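Before any comments, here is the structure.
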Amino acid sequence: MIIVTAMKWAPPFAAGQVRDHRARWILNEVGWPYEVRLVDAPTMKSAEYCGALQPFGQLPVLQEDGRPPVFESGAIVLDVAMRAGRFIGAEGTPERAAALQWVIAGLNSLEPVLFNVAEVEYFMDDEEVKTARRPVVVRQAKERLSMLEHARAGRDWFVGDGFTVADLMLASILKIADRLSLLDELPALAAWHRSILARPAHVRAEEDQKAEIARHTPADMRYSELAQQEGA
Ligand SMILES: N[C@@H](CCC(=O)N[C@@H](CS)C(=O)NCC(=O)O)C(=O)O
């Protein structure tokens, strides 16, 4: 049995975006059944969790009978696609190299730039600092997105002539951009994004995550216990 780790609850801006949706999405694409293990904040930061599952106390983690657990959403997506032999090109081919390239580019060159905007909008309190930083990070994010759109060059798929993990990862990462209205000036990229997210495997992944979050409350995450432990 495959188990994907997910949060019991997440704030509204993150519902549907928590990175376990990537693991659920690729598993749905390849048709492998899985169960979800919901965790709270103290569990994620426990020595047991960090030692056995995710050294940074984060999620997702993919656990499977007879195999060591895999963490990092990108690694999980690649691992599942490679083992299933689907959506990632054949080993040793230019398609495989291109698929790997776009997954890494998404995680390494796109997500951090978009996260800078998310940090301003969702995590900073000081209005003066936010006002100074916002135009800088928004400009950088829009530039990077525009370059991505240029590289897509009107194609339906980033690699070859069908859906791959490149489309999955880039569309997943672009959810942050969409939520932050950074795609408004890039209607063709926004349309591509919508078309990838409309895949049933993604729709189910997102709906399942949102439903679990809706069934829980912030109290279920036990943040205060974690704060006490950290303060102790
Ligand atoms: N690079 C990691 C990032 C993992 C990550 O930041 N996960 C978030 C949820 S989307 C998390 O666990 N946050 C809780 C925390 O960092 O304490 C990945 O892609 O798996």
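How things are named: the first chain in the structure tokens is A, the next is B, and so on; residues count from 1 in each chain; ligands count from 1 in the order shown.
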
7 Å contact set for range 35-47 of chain A, only C-alpha atoms, chain neighbours under 5 positions out, as a tab-separated table (two decimals) with N, CA and C atoms, in the first residue's frame:
```
chain	number	residue	atom	x	y	z
A	2	ILE	N	0.46	2.24	-0.77
A	2	ILE	CA	1.16	3.53	-0.81
A	2	ILE	C	0.44	4.49	0.14
A	3	ILE	N	1.23	5.24	0.90
A	3	ILE	CA	0.65	6.24	1.82
A	3	ILE	C	1.28	7.60	1.49
A	4	VAL	N	0.45	8.61	1.35
A	4	VAL	CA	0.91	9.98	1.14
A	4	VAL	C	0.60	10.79	2.39
A	5	THR	N	1.61	11.51	2.87
A	5	THR	CA	1.41	12.33	4.07
A	5	THR	C	0.83	13.69	3.68
A	6	ALA	N	-0.18	14.12	4.43
A	6	ALA	CA	-0.82	15.42	4.15
A	6	ALA	C	-1.17	16.10	5.47
A	7	MET	N	-1.44	17.41	5.39
A	7	MET	CA	-1.77	18.16	6.61
A	7	MET	C	-3.25	18.01	6.95
A	8	LYS	N	-3.51	17.98	8.27
A	8	LYS	CA	-4.91	17.93	8.69
A	8	LYS	C	-5.65	19.18	8.26
A	57	GLY	N	11.01	18.05	8.60
A	57	GLY	CA	9.71	18.15	9.26
A	57	GLY	C	8.63	18.69	8.36
A	58	GLN	N	8.71	18.34	7.09
A	58	GLN	CA	7.73	18.85	6.12
A	58	GLN	C	7.02	17.68	5.44
A	220	ASP	N	-6.85	21.46	15.14
A	220	ASP	CA	-6.40	20.09	14.85
A	220	ASP	C	-4.91	20.03	14.51
A	221	MET	N	-4.33	21.16	14.11
A	221	MET	CA	-2.89	21.17	13.80
A	221	MET	C	-2.05	21.27	15.07
A	222	ARG	N	-2.64	21.61	16.19
A	222	ARG	CA	-1.96	21.69	17.50
A	222	ARG	C	-0.72	22.61	17.45
A	223	TYR	N	-0.93	23.76	16.81
A	223	TYR	CA	0.19	24.71	16.69
A	223	TYR	C	0.66	25.19	18.07
A	225	GLU	N	0.75	23.63	20.90
A	225	GLU	CA	1.63	22.64	21.55
A	225	GLU	C	3.03	22.69	20.95
A	226	LEU	N	3.09	22.91	19.65
A	226	LEU	CA	4.40	23.00	19.00
A	226	LEU	C	5.14	24.24	19.50
```

Within 7 Å of ligand 1, counting only C-alpha atoms and all ligand atoms, residues as a list in words: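 So, counting only C-alpha atoms and all ligand atoms, the residues near ligand 1 are Gln17, Val18, Arg19, Asp20, Gly57, Gln58, Leu59, Pro60, Phe71, Glu72, Ser73 and Gly74 of chain A.
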
Just the residues within 8 Å of range 82-97 of chain A, please, counting only C-alpha atoms, with nothing from its chain fewer than 3 positions along; format it as a list in words.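 The residues that qualify are Val30, Leu78, Asp79, Leu100, Gln101, Val159, Gly160, Gly162, Phe163, Thr164, Val165 and Ala166 of chain A.
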
Using DSSP on the backbone coordinates, identify the residues of range 43-72 of chain A assigned to strand (DSSP E); present them as a PyMOL selection string. chain A and resi 61-64+67-71

Give me a file of those residues, with N, CA, C and O atoms, as a CSV table (one decimal), in the first residue's frame.
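Final file, result.csv:
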```csv
chain,number,residue,atom,x,y,z
A,61,VAL,N,5.4,13.1,2.1
A,61,VAL,CA,6.3,11.9,2.1
A,61,VAL,C,5.5,10.8,1.4
A,61,VAL,O,4.3,10.7,1.6
A,62,LEU,N,6.1,10.0,0.6
A,62,LEU,CA,5.5,8.8,0.1
A,62,LEU,C,6.0,7.6,0.7
A,62,LEU,O,7.3,7.4,0.7
A,63,GLN,N,5.2,6.9,1.4
A,63,GLN,CA,5.6,5.6,2.0
A,63,GLN,C,5.0,4.4,1.3
A,63,GLN,O,3.8,4.5,0.8
A,64,GLU,N,5.8,3.4,1.2
A,64,GLU,CA,5.3,2.2,0.4
A,64,GLU,C,5.9,1.0,1.0
A,64,GLU,O,7.1,1.0,1.3
A,67,ARG,N,9.8,-0.4,0.7
A,67,ARG,CA,10.7,0.6,0.1
A,67,ARG,C,11.0,1.7,1.1
A,67,ARG,O,10.1,2.0,1.9
A,68,PRO,N,12.1,2.3,1.1
A,68,PRO,CA,12.3,3.4,2.0
A,68,PRO,C,11.4,4.6,1.6
A,68,PRO,O,11.1,4.7,0.4
A,69,PRO,N,11.0,5.4,2.5
A,69,PRO,CA,10.1,6.5,2.2
A,69,PRO,C,10.8,7.5,1.3
A,69,PRO,O,12.0,7.6,1.3
A,70,VAL,N,10.1,8.2,0.5
A,70,VAL,CA,10.6,9.3,-0.4
A,70,VAL,C,10.0,10.6,0.0
A,70,VAL,O,8.8,10.7,0.1
A,71,PHE,N,10.9,11.6,0.2
A,71,PHE,CA,10.4,13.0,0.5
A,71,PHE,C,10.8,13.9,-0.7
A,71,PHE,O,11.5,13.5,-1.5
```

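Among the candidates A:Trp192, A:Tyr34, A:Trp157, A:Phe123, the one nearest to Leu174 in chain A when counting only C-alpha atoms is A:Trp192.
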
Expressed in Å, the length from CA of Gln209 in chain A to CA of Tyr49 in chain A is 20.9 Å

Taking only C-alpha atoms into account, name the residue in A:Ile104, A:Ile173, A:Arg199, A:Leu168 that is nearest to Ala118 in chain A. A:Ile173

Leaving out Phe13 in chain A and any residue of its chain fewer than 2 positions from it, which residues lie within 10 Å of it when counting only C-alpha atoms, given as an MDAnalysis selection string? chainID A and resid 10:11 15:18 118 122 176 179:180

Go ahead and save the picked residues with all heavy atoms, as an mmCIF file, in the first residue's frame.
```cif
data_model
loop_
_atom_site.group_PDB
_atom_site.id
_atom_site.type_symbol
_atom_site.label_atom_id
_atom_site.label_comp_id
_atom_site.auth_asym_id
_atom_site.auth_seq_id
_atom_site.Cartn_x
_atom_site.Cartn_y
_atom_site.Cartn_z
ATOM 1 N N ALA A 10 -5.021 23.445 6.619
ATOM 2 C CA ALA A 10 -4.145 24.495 6.087
ATOM 3 C C ALA A 10 -4.979 25.757 5.906
ATOM 4 O O ALA A 10 -6.206 25.672 5.738
ATOM 5 C CB ALA A 10 -3.554 24.061 4.749
ATOM 6 N N PRO A 11 -4.350 26.933 5.945
ATOM 7 C CA PRO A 11 -5.120 28.168 5.786
ATOM 8 C C PRO A 11 -5.751 28.256 4.393
ATOM 9 O O PRO A 11 -5.266 27.616 3.454
ATOM 10 C CB PRO A 11 -4.078 29.279 5.991
ATOM 11 C CG PRO A 11 -2.747 28.620 5.901
ATOM 12 C CD PRO A 11 -2.927 27.166 6.175
ATOM 13 N N ALA A 15 -5.206 26.020 0.687
ATOM 14 C CA ALA A 15 -6.037 24.843 0.400
ATOM 15 C C ALA A 15 -6.008 24.556 -1.105
ATOM 16 O O ALA A 15 -6.288 25.428 -1.921
ATOM 17 C CB ALA A 15 -7.464 25.091 0.880
ATOM 18 N N GLY A 16 -5.651 23.349 -1.451
ATOM 19 C CA GLY A 16 -5.504 22.971 -2.863
ATOM 20 C C GLY A 16 -4.082 23.157 -3.366
ATOM 21 O O GLY A 16 -3.738 22.707 -4.459
ATOM 22 N N GLN A 17 -3.247 23.847 -2.564
ATOM 23 C CA GLN A 17 -1.882 24.131 -2.985
ATOM 24 C C GLN A 17 -0.831 23.379 -2.175
ATOM 25 O O GLN A 17 0.345 23.396 -2.550
ATOM 26 C CB GLN A 17 -1.584 25.630 -2.814
ATOM 27 C CG GLN A 17 -2.569 26.535 -3.477
ATOM 28 C CD GLN A 17 -1.893 27.481 -4.466
ATOM 29 O OE1 GLN A 17 -0.737 27.303 -4.807
ATOM 30 N NE2 GLN A 17 -2.625 28.457 -4.914
ATOM 31 N N VAL A 18 -1.224 22.820 -1.048
ATOM 32 C CA VAL A 18 -0.235 22.121 -0.223
ATOM 33 C C VAL A 18 0.396 21.029 -1.105
ATOM 34 O O VAL A 18 -0.297 20.362 -1.883
ATOM 35 C CB VAL A 18 -0.883 21.528 1.050
ATOM 36 C CG1 VAL A 18 0.207 20.984 1.970
ATOM 37 C CG2 VAL A 18 -1.713 22.570 1.774
ATOM 38 N N ALA A 118 4.527 35.347 -2.599
ATOM 39 C CA ALA A 118 3.635 34.763 -1.586
ATOM 40 C C ALA A 118 4.056 35.185 -0.186
ATOM 41 O O ALA A 118 3.220 35.471 0.679
ATOM 42 C CB ALA A 118 3.644 33.237 -1.707
ATOM 43 N N TYR A 122 1.353 36.820 2.152
ATOM 44 C CA TYR A 122 0.741 35.958 3.171
ATOM 45 C C TYR A 122 1.484 35.913 4.505
ATOM 46 O O TYR A 122 0.897 35.592 5.527
ATOM 47 C CB TYR A 122 0.636 34.510 2.657
ATOM 48 C CG TYR A 122 -0.163 34.360 1.386
ATOM 49 C CD1 TYR A 122 0.324 33.609 0.325
ATOM 50 C CD2 TYR A 122 -1.419 34.958 1.239
ATOM 51 C CE1 TYR A 122 -0.406 33.461 -0.846
ATOM 52 C CE2 TYR A 122 -2.146 34.817 0.069
ATOM 53 C CZ TYR A 122 -1.637 34.064 -0.964
ATOM 54 O OH TYR A 122 -2.358 33.926 -2.115
ATOM 55 N N ILE A 176 0.385 28.970 -7.580
ATOM 56 C CA ILE A 176 0.735 30.093 -6.694
ATOM 57 C C ILE A 176 0.601 31.389 -7.486
ATOM 58 O O ILE A 176 0.045 32.383 -6.998
ATOM 59 C CB ILE A 176 2.196 29.995 -6.181
ATOM 60 C CG1 ILE A 176 2.573 28.585 -5.768
ATOM 61 C CG2 ILE A 176 2.455 31.011 -5.066
ATOM 62 C CD1 ILE A 176 4.091 28.397 -5.613
ATOM 63 N N ARG A 179 -3.057 32.294 -8.054
ATOM 64 C CA ARG A 179 -3.674 32.790 -6.816
ATOM 65 C C ARG A 179 -3.242 34.227 -6.529
ATOM 66 O O ARG A 179 -3.979 35.023 -5.949
ATOM 67 C CB ARG A 179 -3.291 31.853 -5.671
ATOM 68 C CG ARG A 179 -3.913 32.086 -4.322
ATOM 69 C CD ARG A 179 -5.383 31.702 -4.226
ATOM 70 N NE ARG A 179 -5.671 30.298 -4.439
ATOM 71 C CZ ARG A 179 -5.803 29.394 -3.480
ATOM 72 N NH1 ARG A 179 -5.650 29.732 -2.236
ATOM 73 N NH2 ARG A 179 -6.103 28.144 -3.769
ATOM 74 N N LEU A 180 -2.037 34.584 -6.961
ATOM 75 C CA LEU A 180 -1.503 35.925 -6.700
ATOM 76 C C LEU A 180 -1.742 36.883 -7.879
ATOM 77 O O LEU A 180 -1.138 37.955 -7.945
ATOM 78 C CB LEU A 180 0.000 35.833 -6.410
ATOM 79 C CG LEU A 180 0.368 35.101 -5.118
ATOM 80 C CD1 LEU A 180 1.843 34.710 -5.109
ATOM 81 C CD2 LEU A 180 0.038 35.968 -3.897
#
```

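Candidate residues A:Leu170, A:Met124, A:Ala81, A:Leu53 were compared for distance to Leu107 in chain A, and the nearest is A:Leu170, using only C-alpha atoms.
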
Which residues come within 6 Å of Trp25 in chain A, counting only C-alpha atoms, excluding same-chain residues fewer than 4 positions away, as a CSV table (one decimal) with N, CA and C atoms, in the first residue's frame?
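Everything below was put into result_27.csv:
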```
chain,number,residue,atom,x,y,z
A,21,HIS,N,-0.5,17.6,-3.0
A,21,HIS,CA,-1.4,17.5,-4.2
A,21,HIS,C,-0.6,17.0,-5.4
A,201,ALA,N,-7.2,13.7,-13.1
A,201,ALA,CA,-6.3,13.3,-12.0
A,201,ALA,C,-5.9,14.5,-11.1
A,202,HIS,N,-5.8,15.7,-11.6
A,202,HIS,CA,-5.5,16.8,-10.8
A,202,HIS,C,-6.8,17.3,-10.0
A,205,ALA,N,-7.2,15.2,-7.1
A,205,ALA,CA,-6.2,15.4,-6.1
A,205,ALA,C,-6.5,16.7,-5.3
```

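Taking only C-alpha atoms into account, Gly31 in chain A lies nearest to A:Val80 out of the set A:Arg215, A:Ala232, A:Val80, A:Trp102.
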
With a distance cut-off of 10 Å and only C-alpha atoms, select the neighbouring residues of range 142-145 of chain A, excluding the residue or stretch itself and same-chain residues fewer than 5 positions from it, and output the selection as a VMD selection string. chain A and resid 109 to 110 113 to 114 137 150 to 151 174 177 182 to 186 189
